[in-house]
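This report concerns only the one structure given below.
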Amino acid sequence: MLRIDIIIRTMSTLRASISREQAWELFLKYNQDHFHIQHALTVEGIMRRFAEELGYGEDADFWGVVGLLHDIDFEKHPNEHCLKAPELLRSSGASEELIHAVCSHGYGLTGTDAKPEHQMEKALFAIDELSGLIWAAALIRPSKSVQDIEVKSVKKKLKALNFAAGCNREVIAQGTAMLGWELDALIEKTILAMRSCEAAINAVIERLTPVA
Ligand SMILES: [Fe+2]
């Protein structure tokens, strides 16, 4: 009984190692580019929604914080992406569970040895590049919004390799396989998640001080 109690408390402590407010403050300490901030908030929103949908609702805050912080080191240390993150996160009291999750989205790409293992890490791996591609596709629409974007137009952009050429299609394919989902299902769930948080994210971005 005591043992179970200790395990439960330990898990809670790990999840609560850094609050959403602390995570936001920490992210802004290393990121000023509005594009990066928008991406981080979008991935946070998708991760929260996926946590609920995949039956991890009680961990939604944790999934969200992982999404928010996943690119914490990219703006200032692009050549050490996912390698500098542990130092930045650890100095702020982040748990090893959080650090592993953040780094795992660079597995096979950045030199990190953190492999996506948990469903949350596989989801992050799958939606990181995909959400960037969906956002790029939305920006060229008259609406400049994901509200009216459909699965088939995203699939068309995925096949057009010259569109958002920096978006790694192979990572999306790997992430889809990790989750064991059909590509259409992943795209649809990601679009729906992005629709649900778009207005709130736009409001946050509008309130940010313009970058000089
Ligand atoms: Fe990212």
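Order determines the names: the first chain of the structure tokens is A, the second B, and so forth; residues in each chain are numbered 1 upward, and ligands are numbered 1 upward as they are shown.
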* Test item: residues lying within 10 Å of ligand 1 with only C-alpha atoms and all ligand atoms, as a PyMOL selection string -> chain A and resi 36+39-40+42-43+67-72+74+102+105-106+124-125+127-132
* To do: Do a neighbour search on range 185-190 of chain A at 9 Å with only C-alpha atoms, toss out local chain neighbours closer than 3 positions, and write the hits as a PyMOL selection string.
  => chain A and resi 46+50+126-127+130-131+134+150-151+154-155+176+179+181-182+193-195
* Asked: Which one of A:Phe163, A:Phe62, A:Phe35, A:Tyr107 sits closest to Leu83 in chain A if you count only C-alpha atoms?
  ->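 Ranked by minimum distance to Leu83 in chain A, first place goes to A:Tyr107.
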* Asked: Pick from A:Leu133, A:Ala177, A:Val171, A:Ile191: nearest to Lys156 in chain A, with only C-alpha atoms counted?
  ->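 When distances to Lys156 in chain A are compared using only C-alpha atoms, the smallest one comes from A:Leu133.
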* **Which of range 33-116 of chain A DSSP labels helix (DSSP H, G or I), written as JSON, numbers by chain** => {"A": [34, 35, 36, 37, 38, 39, 40, 41, 42, 43, 44, 45, 46, 47, 48, 49, 50, 51, 52, 53, 57, 58, 59, 60, 61, 62, 63, 64, 65, 66, 67, 68, 69, 78, 79, 80, 85, 86, 87, 88, 89, 90, 96, 97, 98, 99, 100, 101, 102, 103, 104]}
* Grab the CA of Leu183 in chain A to CA of Glu170 in chain A distance for me, in Å with one decimal place. =>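 These two atoms are separated by 12.3 Å.
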* Taking into account only C-alpha atoms, which residue in the set A:Arg90, A:His77, A:Arg49, A:Arg141 is nearest to Ser17 in chain A? ->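 Going through A:Arg90, A:His77, A:Arg49, A:Arg141 one by one, the smallest distance to Ser17 in chain A is for A:Arg90.
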* **Minimum-distance residue to Ala23 in chain A, chosen among A:Asn79, A:Gln38, A:Ser92, A:Asn202 (using only C-alpha atoms)** =>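 Result for the nearest residue to Ala23 in chain A: A:Ser92.
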Name the residues in contact with Trp63 in chain A at a cut-off of 6 Å, using only C-alpha atoms, excluding same-chain residues fewer than 3 positions from it; report them as an mmCIF file with N, CA and C atoms, in the first residue's frame.
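Saved the output as selection35.cif:
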data_model
loop_
_atom_site.group_PDB
_atom_site.id
_atom_site.type_symbol
_atom_site.label_atom_id
_atom_site.label_comp_id
_atom_site.auth_asym_id
_atom_site.auth_seq_id
_atom_site.Cartn_x
_atom_site.Cartn_y
_atom_site.Cartn_z
ATOM 1 N N MET A 47 -1.089 18.690 -28.531
ATOM 2 C CA MET A 47 -0.727 17.666 -27.545
ATOM 3 C C MET A 47 -1.794 17.552 -26.454
ATOM 4 N N ARG A 48 -2.316 18.670 -26.015
ATOM 5 C CA ARG A 48 -3.387 18.655 -25.004
ATOM 6 C C ARG A 48 -4.604 17.895 -25.534
ATOM 7 N N ALA A 60 -3.005 15.685 -19.375
ATOM 8 C CA ALA A 60 -3.083 16.683 -20.452
ATOM 9 C C ALA A 60 -2.148 17.872 -20.201
ATOM 10 N N VAL A 66 5.050 19.559 -22.560
ATOM 11 C CA VAL A 66 6.027 18.934 -23.466
ATOM 12 C C VAL A 66 5.941 19.603 -24.848
#
